[in-house]
file query_16.cif (mmCIF, C-alpha atoms and all ligand atoms)
data_model
#
loop_
_atom_site.label_atom_id
_atom_site.label_comp_id
_atom_site.auth_asym_id
_atom_site.auth_seq_id
_atom_site.Cartn_x
_atom_site.Cartn_y
_atom_site.Cartn_z
CA MET V 1222 -4.99 33.58 13.62
CA VAL V 1223 -3.08 31.40 11.20
CA THR V 1224 -3.47 27.65 10.65
CA LYS V 1225 -0.02 26.13 10.28
CA ILE V 1226 0.39 22.95 8.33
CA GLY V 1227 3.06 20.61 6.97
CA LEU V 1228 2.46 19.40 3.42
CA ASP V 1229 4.24 16.40 1.91
CA LEU V 1230 3.47 15.89 -1.77
CA GLY V 1231 4.30 12.26 -2.50
CA TYR V 1232 3.97 10.01 -5.54
CA ALA V 1233 1.42 7.80 -3.76
CA ASN V 1234 0.04 10.10 -1.06
CA ILE V 1235 -0.34 13.71 -0.11
CA THR V 1236 0.09 13.90 3.63
CA VAL V 1237 -0.97 16.92 5.65
CA SER V 1238 -0.17 17.49 9.29
CA ASP V 1239 -1.68 20.19 11.45
CA ALA V 1240 -0.03 21.85 14.42
CA SER V 1241 -1.26 19.12 16.78
CA LEU V 1242 0.49 16.59 14.49
CA GLU V 1243 -2.81 15.03 13.45
CA VAL V 1244 -2.25 13.65 9.99
CA GLY V 1245 -4.56 13.42 6.99
CA ARG V 1246 -3.72 11.59 3.81
CA GLU V 1247 -5.12 11.65 0.30
CA PRO V 1248 -3.93 9.35 -2.51
CA SER V 1249 -2.14 11.55 -5.06
CA ILE V 1250 -3.86 10.20 -8.11
CA ALA V 1251 -6.32 11.50 -10.63
CA ILE V 1252 -8.41 9.67 -13.21
CA ILE V 1253 -8.76 11.46 -16.51
CA ASP V 1254 -11.16 10.66 -19.33
CA LYS V 1255 -9.58 8.59 -22.09
CA ASN V 1256 -10.91 10.84 -24.83
CA THR V 1257 -11.45 14.32 -23.45
CA ARG V 1258 -8.52 14.20 -20.96
CA ARG V 1259 -10.71 15.98 -18.45
CA ILE V 1260 -10.44 15.03 -14.81
CA ILE V 1261 -13.07 12.49 -13.72
CA SER V 1262 -12.02 12.13 -10.11
CA VAL V 1263 -9.11 12.75 -7.79
CA GLY V 1264 -7.71 11.33 -4.57
CA ARG V 1265 -9.68 8.73 -2.63
CA ASP V 1266 -12.53 8.66 -5.18
CA ALA V 1267 -10.09 7.92 -7.96
CA LEU V 1268 -8.98 4.77 -6.21
CA SER V 1269 -12.28 3.03 -6.81
CA ALA V 1270 -12.16 0.40 -9.51
CA GLU V 1271 -15.13 1.81 -11.47
CA ASN V 1272 -13.41 5.12 -11.91
CA ALA V 1273 -10.14 3.50 -12.87
CA ALA V 1274 -11.86 1.44 -15.56
CA GLU V 1275 -13.32 4.52 -17.22
CA GLY V 1276 -10.18 6.51 -17.57
CA ILE V 1277 -6.46 6.84 -17.36
CA LEU V 1278 -4.81 6.99 -13.98
CA VAL V 1279 -2.26 9.78 -13.58
CA ARG V 1280 0.05 10.63 -10.72
CA PRO V 1281 1.04 14.27 -10.60
CA PHE V 1282 4.17 14.01 -8.46
CA LYS V 1283 7.31 12.05 -8.91
CA ASN V 1284 10.11 12.92 -6.56
CA GLY V 1285 8.22 16.08 -5.72
CA ILE V 1286 8.37 17.21 -9.34
CA LEU V 1287 5.12 18.21 -10.95
CA TYR V 1288 3.81 16.53 -14.04
CA SER V 1289 0.68 18.57 -14.44
CA ALA V 1290 -0.35 21.80 -12.78
CA GLU V 1291 -4.02 21.06 -13.27
CA PHE V 1292 -4.03 17.67 -11.53
CA THR V 1293 -1.70 18.90 -8.87
CA LYS V 1294 -3.99 21.75 -7.90
CA GLU V 1295 -7.03 19.45 -7.81
CA ILE V 1296 -5.28 17.02 -5.52
CA ILE V 1297 -3.89 19.75 -3.27
CA ARG V 1298 -7.45 21.09 -3.00
CA GLU V 1299 -8.70 17.64 -1.93
CA ALA V 1300 -5.90 17.26 0.60
CA LEU V 1301 -6.50 20.68 2.12
CA LYS V 1302 -10.13 19.80 2.83
CA VAL V 1303 -8.74 17.71 5.68
CA ILE V 1304 -7.66 20.93 7.36
CA ASN V 1305 -11.10 22.49 7.31
CA THR V 1306 -10.24 26.00 8.46
CA SER V 1307 -11.49 29.49 7.73
CA GLU V 1308 -8.23 31.04 8.96
CA ASN V 1309 -5.30 31.97 6.78
CA ILE V 1310 -3.12 28.93 6.06
CA ARG V 1311 0.65 28.91 6.30
CA ALA V 1312 2.19 25.79 4.78
CA VAL V 1313 5.66 24.36 5.04
CA VAL V 1314 6.10 22.11 2.03
CA GLY V 1315 8.69 19.35 1.76
CA VAL V 1316 10.99 19.31 -1.24
CA PRO V 1317 13.80 17.04 -2.41
CA ASP V 1318 17.32 18.27 -1.77
CA GLU V 1319 17.86 19.00 -5.47
CA PHE V 1320 14.70 21.13 -5.90
CA ASN V 1321 15.61 24.49 -7.45
CA SER V 1322 14.10 27.90 -6.81
CA LYS V 1323 12.17 27.89 -10.10
CA GLN V 1324 10.48 24.64 -9.10
CA GLU V 1325 9.79 26.11 -5.67
CA SER V 1326 8.09 29.16 -7.10
CA GLU V 1327 5.96 27.03 -9.47
CA LEU V 1328 4.85 24.90 -6.57
CA ALA V 1329 4.27 27.93 -4.36
CA SER V 1330 1.97 29.53 -6.90
CA MET V 1331 -0.17 26.36 -7.12
CA VAL V 1332 -0.40 26.09 -3.38
CA TRP V 1333 -1.33 29.78 -3.18
CA GLU V 1334 -4.04 29.35 -5.78
CA GLU V 1335 -5.57 26.63 -3.64
CA GLY V 1336 -5.92 28.94 -0.67
CA VAL V 1337 -2.63 28.77 1.15
CA ASN V 1338 -1.58 32.29 2.10
CA GLU V 1339 2.06 31.71 2.93
CA CYS V 1340 4.36 28.92 1.88
CA PHE V 1341 7.88 27.88 2.88
CA PHE V 1342 10.04 25.02 1.73
CA VAL V 1343 12.11 22.62 3.77
CA LYS V 1344 14.16 19.64 2.65
CA ARG V 1345 12.22 16.45 3.15
CA ALA V 1346 15.24 14.55 4.46
CA VAL V 1347 15.58 16.96 7.39
CA ALA V 1348 11.82 17.13 7.95
CA GLY V 1349 11.65 13.33 8.11
CA LEU V 1350 14.15 13.24 10.97
CA ILE V 1351 12.41 16.03 12.87
CA GLY V 1352 9.08 14.24 12.42
CA ALA V 1353 10.70 11.06 13.71
CA GLY V 1354 11.45 12.91 16.94
CA TYR V 1355 15.04 14.03 16.44
CA ALA V 1356 16.35 17.52 17.05
CA PRO V 1357 17.26 19.49 13.92
CA THR V 1358 20.94 19.48 14.89
CA ILE V 1359 21.04 15.71 14.51
CA SER V 1360 23.83 13.86 12.77
CA ALA V 1361 22.38 10.79 11.08
CA VAL V 1362 21.61 9.09 7.80
CA SER V 1363 18.06 9.89 6.74
CA VAL V 1364 16.49 7.29 4.43
CA ASN V 1365 12.95 7.96 3.25
CA VAL V 1366 11.48 5.05 1.34
CA GLY V 1367 8.53 6.36 -0.64
CA ALA V 1368 6.37 4.71 -3.25
CA ALA V 1369 8.42 5.76 -6.26
CA LYS V 1370 11.72 6.93 -4.83
CA THR V 1371 14.08 6.56 -1.94
CA GLU V 1372 15.72 9.72 -0.70
CA ILE V 1373 18.99 9.33 1.12
CA ALA V 1374 20.68 12.15 2.97
CA ILE V 1375 23.72 12.21 5.18
CA ILE V 1376 23.11 14.87 7.76
CA TYR V 1377 25.84 16.28 9.95
CA GLN V 1378 24.70 18.56 12.76
CA GLY V 1379 21.54 19.46 10.87
CA THR V 1380 23.20 20.17 7.51
CA ILE V 1381 22.84 17.87 4.52
CA ILE V 1382 26.36 16.93 3.41
CA TYR V 1383 25.36 14.31 0.84
CA SER V 1384 22.08 13.50 -0.79
CA ALA V 1385 20.89 11.14 -3.47
CA THR V 1386 17.61 9.92 -4.84
CA ALA V 1387 17.38 6.29 -5.85
CA ASP V 1388 14.87 5.22 -8.45
CA VAL V 1389 13.38 2.56 -6.24
CA GLY V 1390 10.43 2.60 -3.86
CA GLY V 1391 7.45 0.64 -2.60
CA GLU V 1392 5.92 0.32 -6.03
CA ASP V 1393 8.92 -1.64 -7.31
CA PHE V 1394 8.22 -4.17 -4.57
CA ASP V 1395 4.56 -4.33 -5.70
CA GLU V 1396 5.71 -5.02 -9.25
CA ALA V 1397 7.99 -7.81 -8.00
CA VAL V 1398 4.97 -9.52 -6.41
CA GLN V 1399 2.95 -9.02 -9.57
CA ARG V 1400 5.69 -10.63 -11.69
CA TYR V 1401 6.01 -13.55 -9.29
CA ILE V 1402 2.27 -14.31 -9.44
CA LEU V 1403 2.38 -14.18 -13.22
CA GLU V 1404 5.39 -16.49 -13.39
CA GLN V 1405 4.17 -18.98 -10.82
CA GLY V 1406 0.46 -19.14 -11.46
CA GLU V 1407 0.24 -17.50 -14.90
CA LEU V 1408 -2.17 -15.11 -13.20
CA ASN V 1409 -2.53 -11.43 -13.85
CA ILE V 1410 -3.26 -9.32 -10.79
CA SER V 1411 -3.51 -5.56 -10.46
CA LEU V 1412 -0.87 -3.38 -8.81
CA ILE V 1413 -3.45 -2.56 -6.15
CA ASP V 1414 -3.70 -6.29 -5.30
CA SER V 1415 0.04 -6.85 -5.37
CA LYS V 1416 0.48 -3.85 -3.05
CA ALA V 1417 -2.04 -5.41 -0.64
CA ILE V 1418 -0.13 -8.73 -0.75
CA LYS V 1419 3.17 -6.95 -0.07
CA GLU V 1420 1.74 -5.00 2.84
CA GLY V 1421 -0.19 -7.96 4.24
CA ILE V 1422 2.37 -10.77 4.05
CA GLY V 1423 5.49 -9.40 2.30
CA ALA V 1424 8.85 -9.69 4.05
CA VAL V 1425 12.53 -9.35 3.28
CA TRP V 1426 13.52 -11.11 6.50
CA ASP V 1427 12.41 -14.44 7.93
CA GLY V 1428 9.83 -14.67 10.66
CA ARG V 1429 6.75 -12.84 9.44
CA CYS V 1430 3.94 -14.81 11.05
CA ALA V 1431 1.11 -13.90 8.72
CA ASP V 1432 -1.49 -16.31 7.41
CA PRO V 1433 -1.26 -17.06 3.69
CA ILE V 1434 -3.48 -14.92 1.47
CA THR V 1435 -5.84 -16.24 -1.19
CA ILE V 1436 -5.85 -14.02 -4.22
CA THR V 1437 -8.05 -13.98 -7.28
CA GLY V 1438 -6.36 -13.30 -10.58
CA THR V 1439 -7.08 -13.57 -14.27
CA LEU V 1440 -5.51 -16.53 -16.02
CA ALA V 1441 -3.20 -15.06 -18.62
CA LEU V 1442 -4.14 -17.60 -21.32
CA THR V 1443 -7.91 -17.97 -20.98
CA GLY V 1444 -9.00 -14.88 -19.11
CA ASN V 1445 -10.75 -17.07 -16.52
CA LYS V 1446 -10.69 -15.94 -12.89
CA ILE V 1447 -8.99 -18.38 -10.54
CA LYS V 1448 -7.70 -18.38 -6.97
CA MET V 1449 -4.17 -18.89 -5.70
CA SER V 1450 -2.76 -19.04 -2.19
CA VAL V 1451 0.42 -17.10 -1.38
CA SER V 1452 2.46 -17.13 1.83
CA SER V 1453 5.24 -14.94 3.22
CA GLU V 1454 7.78 -17.70 2.58
CA ASP V 1455 6.63 -18.03 -1.05
CA ILE V 1456 7.45 -14.42 -1.80
CA LEU V 1457 10.46 -13.93 0.48
CA GLY V 1458 12.89 -14.09 -2.43
CA VAL V 1459 10.93 -12.02 -4.93
CA PHE V 1460 12.08 -8.68 -3.55
CA GLU V 1461 15.72 -9.33 -4.23
CA LYS V 1462 16.15 -6.88 -7.11
CA PRO V 1463 14.50 -3.77 -5.63
CA LEU V 1464 15.94 -4.62 -2.22
CA PHE V 1465 19.44 -4.81 -3.65
CA GLU V 1466 18.99 -1.49 -5.48
CA LEU V 1467 17.78 0.18 -2.31
CA LEU V 1468 20.59 -1.19 -0.14
CA ASP V 1469 23.15 -0.33 -2.77
CA ALA V 1470 21.97 3.29 -2.91
CA VAL V 1471 22.13 3.63 0.88
CA ALA V 1472 25.56 1.96 0.97
CA ASN V 1473 26.77 4.45 -1.63
CA GLY V 1474 25.84 7.30 0.67
CA VAL V 1475 27.20 5.69 3.82
CA LYS V 1476 30.60 5.05 2.28
CA ARG V 1477 30.93 8.72 1.38
CA ILE V 1478 30.72 9.93 4.97
CA PRO V 1479 33.93 11.83 5.72
CA ILE V 1480 35.99 9.91 8.24
CA ASP V 1481 35.89 12.73 10.81
CA TYR V 1482 32.09 12.60 10.86
CA VAL V 1483 31.64 8.85 10.96
CA GLU V 1484 31.56 8.42 14.71
CA GLU V 1485 28.96 11.13 15.31
CA ILE V 1486 26.77 10.05 12.42
CA PHE V 1487 26.99 6.35 13.26
CA ALA V 1488 25.98 7.08 16.85
CA ASN V 1489 22.44 7.64 15.52
CA GLY V 1490 22.91 5.52 12.42
CA ILE V 1491 20.26 5.22 9.76
CA VAL V 1492 16.76 6.54 10.46
CA LEU V 1493 14.11 5.02 8.20
CA THR V 1494 11.00 7.00 7.31
CA GLY V 1495 8.37 6.81 4.52
CA GLY V 1496 5.65 4.23 4.03
CA GLY V 1497 7.96 1.93 2.05
CA ALA V 1498 10.12 1.51 5.16
CA LYS V 1499 7.33 -0.57 6.70
CA LEU V 1500 8.17 -3.58 4.57
CA PHE V 1501 8.71 -6.32 7.14
CA GLY V 1502 12.39 -6.84 7.96
CA LEU V 1503 13.77 -3.97 5.88
CA ASP V 1504 15.36 -2.40 8.96
CA LYS V 1505 16.98 -5.67 10.04
CA MET V 1506 18.22 -6.46 6.57
CA MET V 1507 19.69 -2.97 6.10
CA SER V 1508 21.46 -3.12 9.42
CA LYS V 1509 22.89 -6.56 8.70
CA VAL V 1510 24.10 -5.73 5.20
CA LEU V 1511 25.52 -2.27 5.96
CA GLY V 1512 26.76 -2.90 9.48
CA VAL V 1513 25.13 0.30 10.76
CA SER V 1514 22.37 0.59 13.34
CA VAL V 1515 19.00 1.22 11.73
CA THR V 1516 16.04 2.77 13.54
CA MET V 1517 12.60 2.60 12.05
CA ALA V 1518 10.61 5.70 12.96
CA ASN V 1519 7.17 5.31 14.51
CA ASN V 1520 4.49 5.81 11.86
CA PRO V 1521 7.21 6.32 9.25
CA GLU V 1522 4.72 7.41 6.57
CA ASP V 1523 3.74 10.45 8.69
CA CYS V 1524 7.22 11.66 9.61
CA VAL V 1525 7.88 14.10 6.79
CA ALA V 1526 4.50 15.85 7.12
CA ARG V 1527 4.83 16.00 10.91
CA GLY V 1528 8.38 17.32 10.69
CA LEU V 1529 7.21 20.02 8.27
CA SER V 1530 4.43 20.95 10.63
CA LEU V 1531 6.84 21.17 13.56
CA VAL V 1532 9.08 23.41 11.50
CA ASN V 1533 6.04 25.56 10.75
CA THR V 1534 5.08 25.85 14.40
CA PHE V 1535 8.47 27.26 15.30
CA LEU V 1536 9.06 29.21 12.13
CA PRO V 1537 9.75 32.86 12.83
CA ILE V 1538 7.19 35.00 11.01
CA LYS V 1539 9.70 36.98 8.99
CA MET V 1540 11.66 33.99 7.80
CA ARG V 1541 11.90 33.41 4.09
CA ASN V 1542 12.46 30.28 2.07
CA ASN V 1543 15.75 29.13 3.43
CA GLY V 1544 15.88 25.65 4.87
CA LYS V 1545 19.25 26.25 6.45
CA ASN V 1546 18.08 29.25 8.45
CA ILE V 1547 15.00 27.40 9.53
CA THR V 1548 17.19 24.60 10.82
CA THR V 1549 19.26 27.11 12.76
CA GLN V 1550 16.20 28.71 14.28
CA LEU V 1551 14.79 25.34 15.20
CA SER V 1552 18.04 24.37 16.85
CA LYS V 1553 17.76 27.44 19.05
CA TYR V 1554 14.27 26.41 20.01
CA TYR V 1555 15.30 22.87 20.81
CA LYS V 1556 18.29 24.02 22.82
CA SER V 1557 16.22 26.48 24.81
CA ASN V 1558 13.67 23.75 25.51
CA ASN V 1559 16.28 21.18 26.48
CA LYS V 1560 15.33 18.74 23.76
CA LYS V 1561 17.81 16.03 22.85
N1 LIG N 1601 2.81 -2.17 5.88
C1 LIG N 1601 3.49 -1.87 4.78
N2 LIG N 1601 4.41 -2.72 4.28
C2 LIG N 1601 5.10 -2.43 3.17
N3 LIG N 1601 4.94 -1.29 2.46
C3 LIG N 1601 4.04 -0.40 2.92
C4 LIG N 1601 3.27 -0.62 4.09
N4 LIG N 1601 2.45 0.44 4.28
C5 LIG N 1601 2.70 1.30 3.28
N5 LIG N 1601 3.64 0.79 2.45
C6 LIG N 1601 4.14 1.38 1.20
O1 LIG N 1601 4.51 2.72 1.38
C7 LIG N 1601 4.45 3.39 0.10
C8 LIG N 1601 3.83 4.77 0.29
O2 LIG N 1601 4.65 5.48 1.16
P1 LIG N 1601 4.65 7.07 1.18
O3 LIG N 1601 3.28 7.57 1.45
O4 LIG N 1601 5.75 7.48 2.11
O5 LIG N 1601 5.04 7.38 -0.34
P2 LIG N 1601 5.02 8.78 -1.10
O6 LIG N 1601 5.56 9.83 -0.20
O7 LIG N 1601 3.69 9.01 -1.68
O8 LIG N 1601 6.05 8.46 -2.30
P3 LIG N 1601 7.37 9.25 -2.75
O9 LIG N 1601 8.09 9.63 -1.49
O10 LIG N 1601 8.12 8.24 -3.58
O11 LIG N 1601 6.91 10.43 -3.54
C9 LIG N 1601 3.63 2.49 -0.81
O12 LIG N 1601 4.48 1.86 -1.76
C10 LIG N 1601 3.05 1.45 0.15
O13 LIG N 1601 2.83 0.18 -0.43
MG MG N 1602 7.39 10.62 0.24
#

call {"tool": "encode", "arguments": {"input": "query_16.cif", "output": "structure tokens"}}
result
Amino acid sequence: MVTKIGLDLGYANITVSDASLEVGREPSIAIIDKNTRRIISVGRDALSAENAAEGILVRPFKNGILYSAEFTKEIIREALKVINTSENIRAVVGVPDEFNSKQESELASMVWEEGVNECFFVKRAVAGLIGAGYAPTISAVSVNVGAAKTEIAIIYQGTIIYSATADVGGEDFDEAVQRYILEQGELNISLIDSKAIKEGIGAVWDGRCADPITITGTLALTGNKIKMSVSSEDILGVFEKPLFELLDAVANGVKRIPIDYVEEIFANGIVLTGGGAKLFGLDKMMSKVLGVSVTMANNPEDCVARGLSLVNTFLPIKMRNNGKNITTQLSKYYKSNNKK
């Protein structure tokens, strides 16, 4: 027997989905010693403040590209523990549209070294839509808002006809909160705290009914710890810059849709996936500004991994690394099973 998994290697999280679409997640960070550069801890353990204080925090993936083979393998090893299987593992790994075959083989060899017996690659933009519940023959605009990047793909009948990666993601929104707190209260707070504020009360659209949060920061001048209260309304405007960049990148893709395809693609509109898509009101704001319907996927942060796992489940054994063929095969499956 073979255990089939979907593996999404993100800047903030590695997400693994098994064939039942159960999802496990491990933060994709490592802490390395300041002096020796050896790894102190990886994943969840590395998130703890004590570890972070001792060393330098590194993130091995940005836009799916590897910074360091050593950290990458450690983190993949941590993530695969979630699977807990003695069977052979076959992974379908998500890659950006622009990933080349050299990058694929580098990644494949790391995944192999960590115990995966077979590995295939599928474009994350397509996987995100499949994981969101759409058939692989879909025509739609796939927008995956990650922590570091936003991947935009225009997909016509299952084929990517335009793709772009914008240098904006959830972390830029965290930094906007951090800057605001420094400007308003002259308080320094960590990116971990500003991320929690964004997720807890952040909004880019009116109407988030969340209680204000009291945060503790370090006064920039004296170093004293003091408290400050922040509400959704207080920080509503602080996301303007990253929000504009994100909307601009999506608009750039949307306006390139060939006229003959517009009707079919706009029928499904924009499908939002990725954890960054959960920012309150992002879907409404995008729809209002771009004039296109926007659907936020359920559990958007899980969609890519689940889509990869679904691809894996229906992947013919002999198939090799060719996303297009996989899409074709999947379409056959969906058609024969009367999926939408
Ligand atoms: N409720 C929420 N509100 C706003 N943002 C959220 C929420 N939940 C998660 N996020 C953001 O989602 C981001 C992580 O999403 P995800 O796991 O899809 O990223 P990633 O795949 O690791 O990154 P990338 O795709 O850029 O490599 C973080 O920036 C996090 O703050
Ligand atoms: Mg991602």

call {"tool": "atom_distance", "arguments": {"input": "query_16.cif", "atom1": "CA of Glu1404 in chain V", "atom2": "CA of Thr1439 in chain V"}}
result
12.8 Å

call {"tool": "atom_distance", "arguments": {"input": "query_16.cif", "atom1": "CA of Arg1258 in chain V", "atom2": "CA of Ile1297 in chain V"}}
result
19.1 Å

call {"tool": "residues_near_ligand", "arguments": {"input": "query_16.cif", "ligand": "ligand MG 1602 (chain N)", "cutoff": "9 Å", "atoms": "all atoms listed in the file", "output": "PyMOL selection string"}}
result
chain V and resi 1229-1236+1284-1285+1315+1345+1365-1372+1494-1497+1522+1525

call {"tool": "write_last_selection", "arguments": {"input": "query_16.cif", "atoms": "C-alpha atoms", "output": "PDB file, in the coordinates of the input"}}
result
ATOM      1  CA  ASP V1229       4.240  16.400   1.910  1.00  0.00           C
ATOM      2  CA  LEU V1230       3.470  15.890  -1.770  1.00  0.00           C
ATOM      3  CA  GLY V1231       4.300  12.260  -2.500  1.00  0.00           C
ATOM      4  CA  TYR V1232       3.970  10.010  -5.540  1.00  0.00           C
ATOM      5  CA  ALA V1233       1.420   7.800  -3.760  1.00  0.00           C
ATOM      6  CA  ASN V1234       0.040  10.100  -1.060  1.00  0.00           C
ATOM      7  CA  ILE V1235      -0.340  13.710  -0.110  1.00  0.00           C
ATOM      8  CA  THR V1236       0.090  13.900   3.630  1.00  0.00           C
ATOM      9  CA  ASN V1284      10.110  12.920  -6.560  1.00  0.00           C
ATOM     10  CA  GLY V1285       8.220  16.080  -5.720  1.00  0.00           C
ATOM     11  CA  GLY V1315       8.690  19.350   1.760  1.00  0.00           C
ATOM     12  CA  ARG V1345      12.220  16.450   3.150  1.00  0.00           C
ATOM     13  CA  ASN V1365      12.950   7.960   3.250  1.00  0.00           C
ATOM     14  CA  VAL V1366      11.480   5.050   1.340  1.00  0.00           C
ATOM     15  CA  GLY V1367       8.530   6.360  -0.640  1.00  0.00           C
ATOM     16  CA  ALA V1368       6.370   4.710  -3.250  1.00  0.00           C
ATOM     17  CA  ALA V1369       8.420   5.760  -6.260  1.00  0.00           C
ATOM     18  CA  LYS V1370      11.720   6.930  -4.830  1.00  0.00           C
ATOM     19  CA  THR V1371      14.080   6.560  -1.940  1.00  0.00           C
ATOM     20  CA  GLU V1372      15.720   9.720  -0.700  1.00  0.00           C
ATOM     21  CA  THR V1494      11.000   7.000   7.310  1.00  0.00           C
ATOM     22  CA  GLY V1495       8.370   6.810   4.520  1.00  0.00           C
ATOM     23  CA  GLY V1496       5.650   4.230   4.030  1.00  0.00           C
ATOM     24  CA  GLY V1497       7.960   1.930   2.050  1.00  0.00           C
ATOM     25  CA  GLU V1522       4.720   7.410   6.570  1.00  0.00           C
ATOM     26  CA  VAL V1525       7.880  14.100   6.790  1.00  0.00           C
TER      27      VAL V1525
END

call {"tool": "residues_around", "arguments": {"input": "query_16.cif", "residues": "Thr1257 in chain V", "least_positions_apart": "5", "cutoff": "12 Å", "atoms": "only C-alpha atoms", "output": "VMD selection string"}}
result
chain V and resid 1252 1275 to 1277

call {"tool": "closest_residue", "arguments": {"input": "query_16.cif", "among": "V:Val1425, V:Ala1498, V:Val1347, V:Met1506", "to": "ligand LIG 1601 (chain N)", "atoms": "all atoms listed in the file"}}
result
V:Ala1498

call {"tool": "closest_residue", "arguments": {"input": "query_16.cif", "among": "V:Ile1304, V:Ala1251, V:Leu1503, V:Val1492", "to": "Ser1360 in chain V", "atoms": "all atoms listed in the file"}}
result
V:Val1492

call {"tool": "axis_aligned_box", "arguments": {"input": "query_16.cif", "around": "range 1248-1257 of chain V", "padding_each_side": "3 Å", "output": "lines of an AutoDock Vina configuration file"}}
result
center_x = -6.8
center_y = 11.5
center_z = -13.7
size_x = 15.3
size_y = 11.7
size_z = 28.3

call {"tool": "closest_residue", "arguments": {"input": "query_16.cif", "among": "V:Val1316, V:Ala1300, V:Ile1447, V:Leu1500", "to": "ligand LIG 1601 (chain N)", "atoms": "all atoms listed in the file"}}
result
V:Leu1500

call {"tool": "atom_distance", "arguments": {"input": "query_16.cif", "atom1": "CA of Glu1392 in chain V", "atom2": "CA of Ile1351 in chain V"}}
result
25.4 Å

call {"tool": "closest_residue", "arguments": {"input": "query_16.cif", "among": "V:Glu1334, V:Glu1396, V:Asp1266, V:Asp1254", "to": "ligand LIG 1601 (chain N)", "atoms": "only C-alpha atoms and all ligand atoms"}}
result
V:Glu1396

call {"tool": "closest_residue", "arguments": {"input": "query_16.cif", "among": "V:Asn1520, V:Asn1338, V:Asn1309, V:Ser1238", "to": "ligand LIG 1601 (chain N)", "atoms": "all atoms listed in the file"}}
result
V:Asn1520

call {"tool": "build_atoms", "arguments": {"input": "query_16.cif", "residues": "range 1246-1257 of chain V", "atoms": "N, CA, C and O atoms", "output": "compact mmCIF listing (two decimals), in the frame of the given file"}}
result
# COMPACT_ATOMS: atom_id res chain seq x y z
N ARG V 1246 -4.42 12.06 5.00
CA ARG V 1246 -3.72 11.59 3.81
C ARG V 1246 -4.71 11.44 2.65
O ARG V 1246 -5.84 11.01 2.86
N GLU V 1247 -4.26 11.79 1.48
CA GLU V 1247 -5.12 11.65 0.30
C GLU V 1247 -4.25 11.00 -0.79
O GLU V 1247 -3.11 11.44 -1.01
N PRO V 1248 -4.74 9.95 -1.44
CA PRO V 1248 -3.93 9.35 -2.51
C PRO V 1248 -3.66 10.40 -3.59
O PRO V 1248 -4.59 11.10 -4.01
N SER V 1249 -2.41 10.51 -4.05
CA SER V 1249 -2.14 11.55 -5.06
C SER V 1249 -2.31 10.97 -6.46
O SER V 1249 -1.36 10.80 -7.20
N ILE V 1250 -3.57 10.68 -6.76
CA ILE V 1250 -3.86 10.20 -8.11
C ILE V 1250 -5.09 10.92 -8.66
O ILE V 1250 -5.93 11.40 -7.91
N ALA V 1251 -5.14 10.97 -9.96
CA ALA V 1251 -6.32 11.50 -10.63
C ALA V 1251 -6.69 10.53 -11.75
O ALA V 1251 -5.82 9.84 -12.30
N ILE V 1252 -7.99 10.45 -12.04
CA ILE V 1252 -8.41 9.67 -13.21
C ILE V 1252 -8.88 10.68 -14.25
O ILE V 1252 -9.70 11.55 -13.96
N ILE V 1253 -8.32 10.55 -15.45
CA ILE V 1253 -8.76 11.46 -16.51
C ILE V 1253 -9.46 10.66 -17.61
O ILE V 1253 -9.16 9.49 -17.81
N ASP V 1254 -10.40 11.32 -18.27
CA ASP V 1254 -11.16 10.66 -19.33
C ASP V 1254 -10.24 10.31 -20.50
O ASP V 1254 -9.39 11.11 -20.90
N LYS V 1255 -10.44 9.08 -21.00
CA LYS V 1255 -9.58 8.59 -22.09
C LYS V 1255 -9.60 9.52 -23.31
O LYS V 1255 -8.59 9.73 -23.96
N ASN V 1256 -10.78 10.05 -23.61
CA ASN V 1256 -10.91 10.84 -24.83
C ASN V 1256 -10.73 12.33 -24.60
O ASN V 1256 -9.92 12.98 -25.26
N THR V 1257 -11.47 12.86 -23.62
CA THR V 1257 -11.45 14.32 -23.45
C THR V 1257 -10.27 14.80 -22.60
O THR V 1257 -9.94 15.97 -22.62
